[in-house]
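J.: Input structure: upload.txt, which contains compact mmCIF, N, CA and C atoms.
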# COMPACT_ATOMS: atom_id res chain seq x y z
N MET A 49 0.84 -1.17 0.00
CA MET A 49 0.00 0.00 0.00
C MET A 49 0.89 1.24 0.00
N PRO A 50 0.58 2.17 -0.85
CA PRO A 50 1.42 3.37 -0.93
C PRO A 50 1.30 4.21 0.35
N ARG A 51 2.39 4.87 0.68
CA ARG A 51 2.43 5.68 1.90
C ARG A 51 1.81 7.06 1.72
N ASN A 52 1.55 7.48 0.55
CA ASN A 52 1.03 8.83 0.34
C ASN A 52 -0.48 8.91 0.52
N GLY A 53 -1.15 7.80 0.80
CA GLY A 53 -2.58 7.81 1.06
C GLY A 53 -3.44 7.86 -0.17
N LYS A 54 -2.86 7.59 -1.35
CA LYS A 54 -3.66 7.66 -2.58
C LYS A 54 -3.93 6.28 -3.14
N GLY A 55 -3.81 5.26 -2.33
CA GLY A 55 -4.02 3.90 -2.80
C GLY A 55 -5.51 3.58 -2.95
N PRO A 56 -5.82 2.34 -3.26
CA PRO A 56 -7.22 1.97 -3.50
C PRO A 56 -8.06 2.02 -2.23
N ARG A 57 -7.45 1.89 -1.05
CA ARG A 57 -8.22 1.92 0.19
C ARG A 57 -8.26 3.30 0.83
N ALA A 58 -7.61 4.25 0.27
CA ALA A 58 -7.57 5.59 0.87
C ALA A 58 -8.94 6.25 0.75
N LYS A 59 -9.36 6.86 1.83
CA LYS A 59 -10.65 7.56 1.84
C LYS A 59 -10.44 9.02 1.45
N PRO A 60 -11.36 9.56 0.71
CA PRO A 60 -11.20 10.98 0.37
C PRO A 60 -11.41 11.84 1.63
N HIS A 61 -10.64 12.87 1.73
CA HIS A 61 -10.73 13.76 2.89
C HIS A 61 -11.96 14.64 2.76
N ALA A 62 -12.68 14.74 3.84
CA ALA A 62 -13.84 15.63 3.85
C ALA A 62 -13.36 17.06 4.06
N PRO A 63 -14.03 18.01 3.44
CA PRO A 63 -13.61 19.40 3.66
C PRO A 63 -13.83 19.80 5.12
N VAL A 64 -12.96 20.64 5.61
CA VAL A 64 -13.05 21.10 6.99
C VAL A 64 -14.23 22.06 7.10
N PRO A 65 -15.17 21.78 8.02
CA PRO A 65 -16.32 22.69 8.12
C PRO A 65 -15.90 24.05 8.67
N VAL A 66 -16.50 25.06 8.13
CA VAL A 66 -16.23 26.42 8.58
C VAL A 66 -17.16 26.72 9.75
N GLN A 67 -16.59 27.12 10.85
CA GLN A 67 -17.42 27.42 12.02
C GLN A 67 -18.00 28.82 11.89
N ARG A 68 -19.29 28.88 12.14
CA ARG A 68 -19.94 30.18 12.10
C ARG A 68 -19.67 30.91 13.41
N GLN A 69 -19.48 32.18 13.32
CA GLN A 69 -19.26 32.96 14.53
C GLN A 69 -20.60 33.26 15.18
N ARG A 70 -20.59 33.23 16.50
CA ARG A 70 -21.80 33.57 17.24
C ARG A 70 -22.02 35.08 17.16
N PRO A 71 -23.28 35.48 17.11
CA PRO A 71 -23.50 36.92 17.14
C PRO A 71 -23.11 37.49 18.49
N ALA A 72 -22.61 38.69 18.49
CA ALA A 72 -22.16 39.33 19.73
C ALA A 72 -23.36 39.62 20.62
N LYS A 73 -23.16 39.46 21.93
CA LYS A 73 -24.22 39.78 22.86
C LYS A 73 -24.38 41.29 22.92
N LYS A 74 -25.63 41.71 23.10
CA LYS A 74 -25.89 43.13 23.18
C LYS A 74 -25.36 43.65 24.50
N GLN A 75 -24.69 44.75 24.45
CA GLN A 75 -24.13 45.36 25.64
C GLN A 75 -24.75 46.73 25.81
N GLY A 76 -24.64 47.27 26.98
CA GLY A 76 -25.09 48.62 27.21
C GLY A 76 -26.42 48.68 27.93
N PRO A 77 -26.92 49.90 28.10
CA PRO A 77 -28.16 50.08 28.85
C PRO A 77 -29.36 49.52 28.09
N VAL A 78 -30.35 49.09 28.85
CA VAL A 78 -31.57 48.56 28.28
C VAL A 78 -32.57 49.71 28.18
N THR A 79 -33.18 49.86 27.01
CA THR A 79 -34.16 50.92 26.84
C THR A 79 -35.52 50.44 27.31
N MET A 80 -36.36 51.37 27.68
CA MET A 80 -37.71 51.03 28.11
C MET A 80 -38.49 50.39 26.97
N GLU A 81 -38.22 50.80 25.74
CA GLU A 81 -38.91 50.21 24.59
C GLU A 81 -38.59 48.73 24.48
N ALA A 82 -37.33 48.37 24.74
CA ALA A 82 -36.94 46.97 24.67
C ALA A 82 -37.63 46.16 25.75
N VAL A 83 -37.72 46.73 26.96
CA VAL A 83 -38.38 46.03 28.06
C VAL A 83 -39.86 45.87 27.77
N GLU A 84 -40.50 46.95 27.30
CA GLU A 84 -41.92 46.88 26.98
C GLU A 84 -42.19 45.88 25.87
N ALA A 85 -41.31 45.85 24.87
CA ALA A 85 -41.48 44.90 23.77
C ALA A 85 -41.35 43.47 24.27
N LEU A 86 -40.41 43.23 25.18
CA LEU A 86 -40.24 41.89 25.73
C LEU A 86 -41.44 41.48 26.55
N VAL A 87 -41.96 42.38 27.36
CA VAL A 87 -43.14 42.07 28.17
C VAL A 87 -44.33 41.81 27.26
N ARG A 88 -44.51 42.65 26.23
CA ARG A 88 -45.62 42.42 25.28
C ARG A 88 -45.48 41.07 24.61
N TRP A 89 -44.26 40.73 24.18
CA TRP A 89 -44.04 39.43 23.53
C TRP A 89 -44.39 38.30 24.48
N TYR A 90 -43.94 38.40 25.73
CA TYR A 90 -44.20 37.33 26.69
C TYR A 90 -45.69 37.19 26.95
N LEU A 91 -46.37 38.30 27.14
CA LEU A 91 -47.79 38.24 27.44
C LEU A 91 -48.60 37.79 26.23
N ASP A 92 -48.12 38.08 25.02
CA ASP A 92 -48.83 37.63 23.82
C ASP A 92 -48.62 36.14 23.56
N THR A 93 -47.43 35.64 23.84
CA THR A 93 -47.13 34.24 23.54
C THR A 93 -47.57 33.31 24.66
N HIS A 94 -47.72 33.81 25.85
CA HIS A 94 -48.18 33.01 26.98
C HIS A 94 -49.56 33.51 27.37
N TRP A 95 -50.26 32.75 28.17
CA TRP A 95 -51.54 33.27 28.62
C TRP A 95 -51.28 34.42 29.55
N PHE A 96 -52.22 35.30 29.64
CA PHE A 96 -52.03 36.56 30.33
C PHE A 96 -51.76 36.34 31.81
N THR A 97 -50.51 36.50 32.19
CA THR A 97 -50.10 36.35 33.58
C THR A 97 -48.85 37.18 33.82
N PRO A 98 -48.76 37.80 34.98
CA PRO A 98 -47.54 38.54 35.30
C PRO A 98 -46.46 37.66 35.91
N TRP A 99 -46.67 36.34 35.94
CA TRP A 99 -45.72 35.41 36.55
C TRP A 99 -44.80 34.83 35.49
N PHE A 100 -43.48 34.89 35.74
CA PHE A 100 -42.49 34.37 34.81
C PHE A 100 -41.84 33.14 35.40
N ASP A 101 -41.48 32.19 34.54
CA ASP A 101 -40.65 31.08 34.99
C ASP A 101 -39.19 31.54 34.94
N THR A 102 -38.27 30.66 35.29
CA THR A 102 -36.86 31.07 35.38
C THR A 102 -36.32 31.53 34.04
N GLU A 103 -36.66 30.82 32.96
CA GLU A 103 -36.14 31.18 31.64
C GLU A 103 -36.67 32.54 31.19
N ALA A 104 -37.97 32.78 31.39
CA ALA A 104 -38.55 34.05 30.99
C ALA A 104 -38.03 35.20 31.85
N ALA A 105 -37.85 34.95 33.15
CA ALA A 105 -37.31 35.98 34.03
C ALA A 105 -35.87 36.31 33.64
N ALA A 106 -35.11 35.30 33.26
CA ALA A 106 -33.73 35.53 32.83
C ALA A 106 -33.71 36.36 31.55
N ALA A 107 -34.61 36.07 30.63
CA ALA A 107 -34.68 36.85 29.40
C ALA A 107 -35.10 38.28 29.71
N TYR A 108 -36.01 38.45 30.64
CA TYR A 108 -36.49 39.78 31.03
C TYR A 108 -35.35 40.60 31.62
N LEU A 109 -34.50 39.95 32.43
CA LEU A 109 -33.37 40.64 33.06
C LEU A 109 -32.12 40.65 32.19
N ARG A 110 -32.20 39.99 31.03
CA ARG A 110 -31.07 39.85 30.11
C ARG A 110 -29.89 39.16 30.79
N ARG A 111 -30.21 38.08 31.46
CA ARG A 111 -29.22 37.23 32.13
C ARG A 111 -29.42 35.80 31.66
N GLU A 112 -28.53 34.94 32.09
CA GLU A 112 -28.68 33.51 31.81
C GLU A 112 -29.52 32.87 32.92
N PRO A 113 -30.29 31.82 32.61
CA PRO A 113 -31.06 31.15 33.66
C PRO A 113 -30.19 30.65 34.81
N GLY A 114 -28.97 30.21 34.51
CA GLY A 114 -28.07 29.75 35.55
C GLY A 114 -27.70 30.84 36.54
N THR A 115 -27.68 32.09 36.07
CA THR A 115 -27.38 33.21 36.97
C THR A 115 -28.48 33.34 38.01
N LEU A 116 -29.74 33.24 37.58
CA LEU A 116 -30.85 33.33 38.53
C LEU A 116 -30.82 32.16 39.50
N LYS A 117 -30.46 30.98 39.01
CA LYS A 117 -30.37 29.81 39.90
C LYS A 117 -29.28 30.02 40.95
N GLY A 118 -28.16 30.58 40.54
CA GLY A 118 -27.09 30.88 41.48
C GLY A 118 -27.50 31.90 42.51
N TRP A 119 -28.21 32.95 42.06
CA TRP A 119 -28.70 33.95 43.00
C TRP A 119 -29.65 33.33 44.00
N ARG A 120 -30.53 32.44 43.52
CA ARG A 120 -31.49 31.80 44.44
C ARG A 120 -30.76 30.99 45.49
N SER A 121 -29.72 30.26 45.09
CA SER A 121 -29.01 29.42 46.05
C SER A 121 -28.26 30.25 47.09
N LYS A 122 -27.84 31.46 46.71
CA LYS A 122 -27.14 32.34 47.65
C LYS A 122 -28.10 33.23 48.44
N GLY A 123 -29.39 33.20 48.09
CA GLY A 123 -30.35 34.07 48.77
C GLY A 123 -30.31 35.48 48.24
N GLU A 124 -29.81 35.68 47.03
CA GLU A 124 -29.71 37.01 46.43
C GLU A 124 -30.65 37.07 45.23
N GLY A 125 -30.57 38.16 44.51
CA GLY A 125 -31.35 38.30 43.29
C GLY A 125 -32.77 38.73 43.55
N PRO A 126 -33.61 38.69 42.51
CA PRO A 126 -35.00 39.13 42.68
C PRO A 126 -35.79 38.15 43.53
N ARG A 127 -36.86 38.65 44.11
CA ARG A 127 -37.72 37.81 44.95
C ARG A 127 -38.38 36.75 44.08
N PHE A 128 -38.45 35.54 44.58
CA PHE A 128 -39.09 34.45 43.84
C PHE A 128 -40.05 33.72 44.74
N TYR A 129 -40.94 32.97 44.13
CA TYR A 129 -41.96 32.23 44.87
C TYR A 129 -41.89 30.77 44.44
N THR A 130 -42.08 29.88 45.39
CA THR A 130 -42.09 28.45 45.11
C THR A 130 -43.53 27.97 45.17
N VAL A 131 -43.98 27.34 44.09
CA VAL A 131 -45.35 26.85 44.00
C VAL A 131 -45.32 25.33 44.17
N ASN A 132 -46.09 24.83 45.11
CA ASN A 132 -46.16 23.39 45.41
C ASN A 132 -44.80 22.78 45.72
N GLY A 133 -43.90 23.58 46.22
CA GLY A 133 -42.59 23.08 46.63
C GLY A 133 -41.65 22.73 45.49
N GLN A 134 -42.05 23.02 44.23
CA GLN A 134 -41.16 22.64 43.14
C GLN A 134 -41.08 23.66 42.01
N LEU A 135 -42.14 24.40 41.73
CA LEU A 135 -42.12 25.36 40.63
C LEU A 135 -41.63 26.71 41.14
N ILE A 136 -40.67 27.30 40.44
CA ILE A 136 -40.14 28.61 40.79
C ILE A 136 -40.79 29.63 39.86
N ARG A 137 -41.34 30.69 40.44
CA ARG A 137 -41.98 31.74 39.66
C ARG A 137 -41.51 33.10 40.17
N TYR A 138 -41.39 34.04 39.22
CA TYR A 138 -41.02 35.42 39.51
C TYR A 138 -42.17 36.32 39.07
N HIS A 139 -42.52 37.30 39.88
CA HIS A 139 -43.55 38.26 39.51
C HIS A 139 -42.87 39.43 38.81
N VAL A 140 -43.53 39.97 37.79
CA VAL A 140 -42.93 41.04 37.01
C VAL A 140 -42.65 42.27 37.87
N ASP A 141 -43.48 42.54 38.87
CA ASP A 141 -43.24 43.69 39.76
C ASP A 141 -41.97 43.49 40.58
N ASP A 142 -41.71 42.25 41.02
CA ASP A 142 -40.50 41.97 41.77
C ASP A 142 -39.26 42.10 40.89
N LEU A 143 -39.38 41.71 39.63
CA LEU A 143 -38.25 41.85 38.70
C LEU A 143 -37.96 43.32 38.45
N ASP A 144 -39.02 44.13 38.28
CA ASP A 144 -38.83 45.56 38.08
C ASP A 144 -38.20 46.21 39.32
N ALA A 145 -38.66 45.81 40.49
CA ALA A 145 -38.10 46.36 41.73
C ALA A 145 -36.62 45.98 41.85
N PHE A 146 -36.27 44.78 41.44
CA PHE A 146 -34.88 44.35 41.50
C PHE A 146 -34.02 45.19 40.55
N VAL A 147 -34.54 45.46 39.35
CA VAL A 147 -33.79 46.26 38.39
C VAL A 147 -33.61 47.68 38.91
N ARG A 148 -34.65 48.25 39.50
CA ARG A 148 -34.56 49.62 40.01
C ARG A 148 -33.69 49.71 41.24
N GLY A 149 -33.75 48.70 42.11
CA GLY A 149 -33.04 48.79 43.38
C GLY A 149 -31.71 48.09 43.43
N GLY A 150 -31.33 47.41 42.38
CA GLY A 150 -30.07 46.68 42.40
C GLY A 150 -30.20 45.41 43.23
N ARG A 151 -29.09 44.97 43.78
CA ARG A 151 -29.12 43.73 44.57
C ARG A 151 -29.84 43.96 45.88
N ARG A 152 -30.56 42.95 46.32
CA ARG A 152 -31.26 43.05 47.59
C ARG A 152 -30.50 42.26 48.64
N LYS A 153 -30.92 42.44 49.88
CA LYS A 153 -30.28 41.73 50.97
C LYS A 153 -30.58 40.23 50.85
N LYS A 154 -29.75 39.45 51.50
CA LYS A 154 -29.96 38.01 51.47
C LYS A 154 -31.26 37.64 52.14
N ARG A 155 -31.91 36.62 51.61
CA ARG A 155 -33.15 36.13 52.20
C ARG A 155 -32.82 35.31 53.43
N LEU A 156 -33.63 35.47 54.44
CA LEU A 156 -33.48 34.66 55.65
C LEU A 156 -34.39 33.44 55.54
N PRO A 157 -33.97 32.31 56.06
CA PRO A 157 -34.85 31.15 56.06
C PRO A 157 -36.12 31.42 56.85
N ALA A 158 -37.19 30.71 56.52
CA ALA A 158 -38.50 30.95 57.16
C ALA A 158 -38.43 30.71 58.67
N TRP A 159 -37.70 29.68 59.08
CA TRP A 159 -37.65 29.38 60.52
C TRP A 159 -36.96 30.51 61.28
N LEU A 160 -35.95 31.13 60.66
CA LEU A 160 -35.23 32.22 61.32
C LEU A 160 -36.10 33.48 61.37
N THR A 161 -36.85 33.73 60.31
CA THR A 161 -37.76 34.87 60.29
C THR A 161 -38.82 34.73 61.38
N GLU A 162 -39.36 33.52 61.54
CA GLU A 162 -40.36 33.27 62.58
C GLU A 162 -39.75 33.47 63.98
N LYS A 163 -38.53 33.01 64.17
CA LYS A 163 -37.87 33.15 65.47
C LYS A 163 -37.63 34.62 65.80
N ILE A 164 -37.23 35.40 64.80
CA ILE A 164 -37.01 36.83 65.01
C ILE A 164 -38.32 37.51 65.36
N ALA A 165 -39.40 37.13 64.67
CA ALA A 165 -40.71 37.73 64.95
C ALA A 165 -41.17 37.38 66.37
N GLU A 166 -40.93 36.15 66.82
CA GLU A 166 -41.30 35.75 68.18
C GLU A 166 -40.54 36.56 69.22
N ARG A 167 -39.23 36.74 69.02
CA ARG A 167 -38.43 37.51 69.97
C ARG A 167 -38.87 38.97 70.01
N ALA A 168 -39.18 39.52 68.83
CA ALA A 168 -39.64 40.92 68.79
C ALA A 168 -40.96 41.07 69.53
N THR A 169 -41.85 40.08 69.37
CA THR A 169 -43.13 40.13 70.08
C THR A 169 -42.91 40.04 71.59
N GLU A 170 -42.01 39.17 72.03
CA GLU A 170 -41.71 39.04 73.46
C GLU A 170 -41.15 40.33 74.03
N ARG A 171 -40.23 40.97 73.30
CA ARG A 171 -39.63 42.21 73.78
C ARG A 171 -40.66 43.34 73.84
N LEU A 172 -41.54 43.40 72.83
CA LEU A 172 -42.56 44.45 72.84
C LEU A 172 -43.56 44.24 73.96
N SER A 173 -43.96 42.99 74.19
CA SER A 173 -44.93 42.74 75.26
C SER A 173 -44.32 43.01 76.63
N ALA A 174 -43.02 42.78 76.78
CA ALA A 174 -42.36 43.07 78.06
C ALA A 174 -42.18 44.57 78.25
N ALA A 175 -42.01 45.31 77.17
CA ALA A 175 -41.78 46.75 77.27
C ALA A 175 -43.07 47.52 77.50
N VAL A 176 -44.17 47.00 77.02
CA VAL A 176 -45.46 47.69 77.17
C VAL A 176 -46.09 47.25 78.48
N LYS A 177 -46.37 48.21 79.34
CA LYS A 177 -46.98 47.90 80.62
C LYS A 177 -48.50 47.86 80.45
N PRO A 178 -49.14 46.88 81.02
CA PRO A 178 -50.60 46.84 80.91
C PRO A 178 -51.22 47.99 81.72
N LEU A 179 -52.35 48.50 81.25
CA LEU A 179 -53.05 49.58 81.93
C LEU A 179 -53.79 49.04 83.15
N ARG A 180 -53.72 49.80 84.24
CA ARG A 180 -54.49 49.44 85.43
C ARG A 180 -55.82 50.16 85.38
N GLU A 181 -56.72 49.66 86.15
CA GLU A 181 -58.02 50.33 86.21
C GLU A 181 -57.83 51.72 86.77
N GLY A 182 -58.47 52.67 86.17
CA GLY A 182 -58.38 54.05 86.61
C GLY A 182 -57.31 54.82 85.87
N ASP A 183 -56.34 54.15 85.20
CA ASP A 183 -55.32 54.87 84.42
C ASP A 183 -55.94 55.34 83.12
N GLU A 184 -55.52 56.53 82.70
CA GLU A 184 -55.99 57.03 81.42
C GLU A 184 -54.99 56.66 80.34
N LYS A 185 -55.48 56.65 79.13
CA LYS A 185 -54.62 56.30 78.01
C LYS A 185 -53.63 57.37 77.72
Please express the file's structure as structure tokens.

T.:
Amino acid sequence: MPRNGKGPRAKPHAPVPVQRQRPAKKQGPVTMEAVEALVRWYLDTHWFTPWFDTEAAAAYLRREPGTLKGWRSKGEGPRFYTVNGQLIRYHVDDLDAFVRGGRRKKRLPAWLTEKIAERATERLSAAVKPLREGDEK
């Protein structure tokens, strides 16, 4: 068999595919027209609801869905709601508030929030003296 690869068993070389370049991501400030167009598109293509899933919320914020997932795990990012313990939903008002206000404080777990509320109630009840008969307000 010849060493130059032109023998009877040599396979013809396939042309090297040309890789297409990805379009550049849009950079810069987001205009209100772009936001309104995105909201109109979402509301037209989905049934009329102000609730977004993770992918739609990411598109609304011009982020990747993984970014929102990372924010959720750290307790950061826009406020989200869990439906039936498994579905994650974002309300459009919460997304707008996040955009206007920037990053929000970390979310506290529910058990810790309840404990803080109980302690605050105990402190307030101890600080407020009950009225005796004959005392005026």

J.: Please provide as a PyMOL selection string all residues within 8 Å of Glu103 of chain A, with the sequence filter that same-chain residues fewer than 6 positions apart are discarded (counting all atoms listed in the file).

T.: chain A and resi 109+111-114

J.: Find, counting all atoms listed in the file, the residue in A:Thr93, A:Glu170, A:Pro126, A:Leu116 that gets nearest to Asp142 of chain A.

T.: A:Pro126

J.: Rounded to one decimal place, report the atom C of Val78 of chain A-atom C of Asp144 of chain A distance in Å.

T.: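 Rounded to one decimal, the two atoms are 13.0 Å apart.
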
J.: Using atom C of Asp92 of chain A and atom C of Gly149 of chain A as the two end points, give the distance in Å to one decimal.

T.: 28.7 Å

J.: Please compute the atom N of Trp119 of chain A-atom CA of Pro157 of chain A distance, one decimal, in Å.

T.: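 So the answer is 15.6 Å.
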
J.: List the spatial neighbours of Thr102 of chain A as an NGL selection string - criterion: any atom at most 12 Å away, only C-alpha atoms, same-chain residues fewer than 4 positions off excluded.

T.: :A and (106-120 or 126-130 or 135-140 or 143)

J.: If you run DSSP on this backbone, which residues of segment 66-144 of chain A come out as helix (DSSP H, G or I), and could you give them as a PyMOL selection string?

T.: chain A and resi 80-93+102-109+113-122+140-144

J.: For the structure I just gave you, how does DSSP split segment 71-156 of chain A - specifically, which residues are strand (DSSP E)? Reply as a list in words.

T.: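 DSSP on the backbone gives strand (DSSP E) at Trp99, Phe100, Tyr129, Thr130, Val131, Leu135, Ile136, Arg137, Tyr138 and His139 of chain A.
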
J.: Where atoms are missing, can you supply all heavy atoms for segment 122-132 of chain A and output the lot as a CSV table (one decimal), in the coordinates of the input?

T.:
chain,number,residue,atom,x,y,z
A,122,LYS,N,-27.8,31.5,46.7
A,122,LYS,CA,-27.1,32.3,47.6
A,122,LYS,C,-28.1,33.2,48.4
A,122,LYS,O,-27.7,34.0,49.3
A,122,LYS,CB,-26.2,33.2,46.9
A,122,LYS,CG,-25.0,32.5,46.2
A,122,LYS,CD,-24.2,33.5,45.4
A,122,LYS,CE,-23.2,32.8,44.6
A,122,LYS,NZ,-22.4,33.7,43.7
A,123,GLY,N,-29.4,33.2,48.1
A,123,GLY,CA,-30.4,34.1,48.8
A,123,GLY,C,-30.3,35.5,48.2
A,123,GLY,O,-30.7,36.4,48.9
A,124,GLU,N,-29.8,35.7,47.0
A,124,GLU,CA,-29.7,37.0,46.4
A,124,GLU,C,-30.6,37.1,45.2
A,124,GLU,O,-31.4,36.2,45.0
A,124,GLU,CB,-28.3,37.3,46.0
A,124,GLU,CG,-27.3,37.2,47.1
A,124,GLU,CD,-25.8,37.3,46.6
A,124,GLU,OE1,-25.6,37.3,45.4
A,124,GLU,OE2,-24.9,37.5,47.5
A,125,GLY,N,-30.6,38.2,44.5
A,125,GLY,CA,-31.4,38.3,43.3
A,125,GLY,C,-32.8,38.7,43.6
A,125,GLY,O,-33.1,39.1,44.7
A,126,PRO,N,-33.6,38.7,42.5
A,126,PRO,CA,-35.0,39.1,42.7
A,126,PRO,C,-35.8,38.2,43.5
A,126,PRO,O,-35.4,37.0,43.6
A,126,PRO,CB,-35.5,39.2,41.2
A,126,PRO,CG,-34.7,38.3,40.5
A,126,PRO,CD,-33.3,38.3,41.1
A,127,ARG,N,-36.9,38.6,44.1
A,127,ARG,CA,-37.7,37.8,45.0
A,127,ARG,C,-38.4,36.8,44.1
A,127,ARG,O,-38.8,37.0,43.0
A,127,ARG,CB,-38.8,38.7,45.6
A,127,ARG,CG,-39.7,38.0,46.6
A,127,ARG,CD,-40.6,38.9,47.2
A,127,ARG,NE,-41.3,38.3,48.3
A,127,ARG,CZ,-42.1,38.8,49.1
A,127,ARG,NH1,-42.4,40.1,48.9
A,127,ARG,NH2,-42.7,38.2,50.1
A,128,PHE,N,-38.4,35.5,44.6
A,128,PHE,CA,-39.1,34.4,43.8
A,128,PHE,C,-40.0,33.7,44.7
A,128,PHE,O,-40.0,33.9,46.0
A,128,PHE,CB,-38.0,33.5,43.3
A,128,PHE,CG,-37.3,32.7,44.3
A,128,PHE,CD1,-37.7,31.5,44.7
A,128,PHE,CD2,-36.1,33.3,44.8
A,128,PHE,CE1,-37.0,30.8,45.7
A,128,PHE,CE2,-35.4,32.6,45.8
A,128,PHE,CZ,-35.8,31.4,46.2
A,129,TYR,N,-40.9,33.0,44.1
A,129,TYR,CA,-42.0,32.2,44.9
A,129,TYR,C,-41.9,30.8,44.4
A,129,TYR,O,-41.7,30.5,43.3
A,129,TYR,CB,-43.4,32.8,44.6
A,129,TYR,CG,-43.5,34.2,44.9
A,129,TYR,CD1,-43.1,35.2,44.0
A,129,TYR,CD2,-43.9,34.6,46.2
A,129,TYR,CE1,-43.2,36.6,44.4
A,129,TYR,CE2,-44.1,35.9,46.5
A,129,TYR,CZ,-43.7,36.9,45.6
A,129,TYR,OH,-43.8,38.2,46.0
A,130,THR,N,-42.1,29.9,45.4
A,130,THR,CA,-42.1,28.4,45.1
A,130,THR,C,-43.5,28.0,45.2
A,130,THR,O,-44.2,28.2,46.2
A,130,THR,CB,-41.2,27.7,46.1
A,130,THR,OG1,-39.9,28.3,46.2
A,130,THR,CG2,-41.1,26.2,45.8
A,131,VAL,N,-44.0,27.3,44.1
A,131,VAL,CA,-45.4,26.8,44.0
A,131,VAL,C,-45.3,25.3,44.2
A,131,VAL,O,-44.6,24.6,43.4
A,131,VAL,CB,-46.0,27.2,42.6
A,131,VAL,CG1,-47.4,26.7,42.5
A,131,VAL,CG2,-45.9,28.7,42.4
A,132,ASN,N,-46.1,24.8,45.1
A,132,ASN,CA,-46.2,23.4,45.4
A,132,ASN,C,-44.8,22.8,45.7
A,132,ASN,O,-44.6,21.6,45.5
A,132,ASN,CB,-46.8,22.6,44.2
A,132,ASN,CG,-48.3,23.0,44.1
A,132,ASN,OD1,-48.9,23.4,45.0
A,132,ASN,ND2,-48.8,22.8,42.9
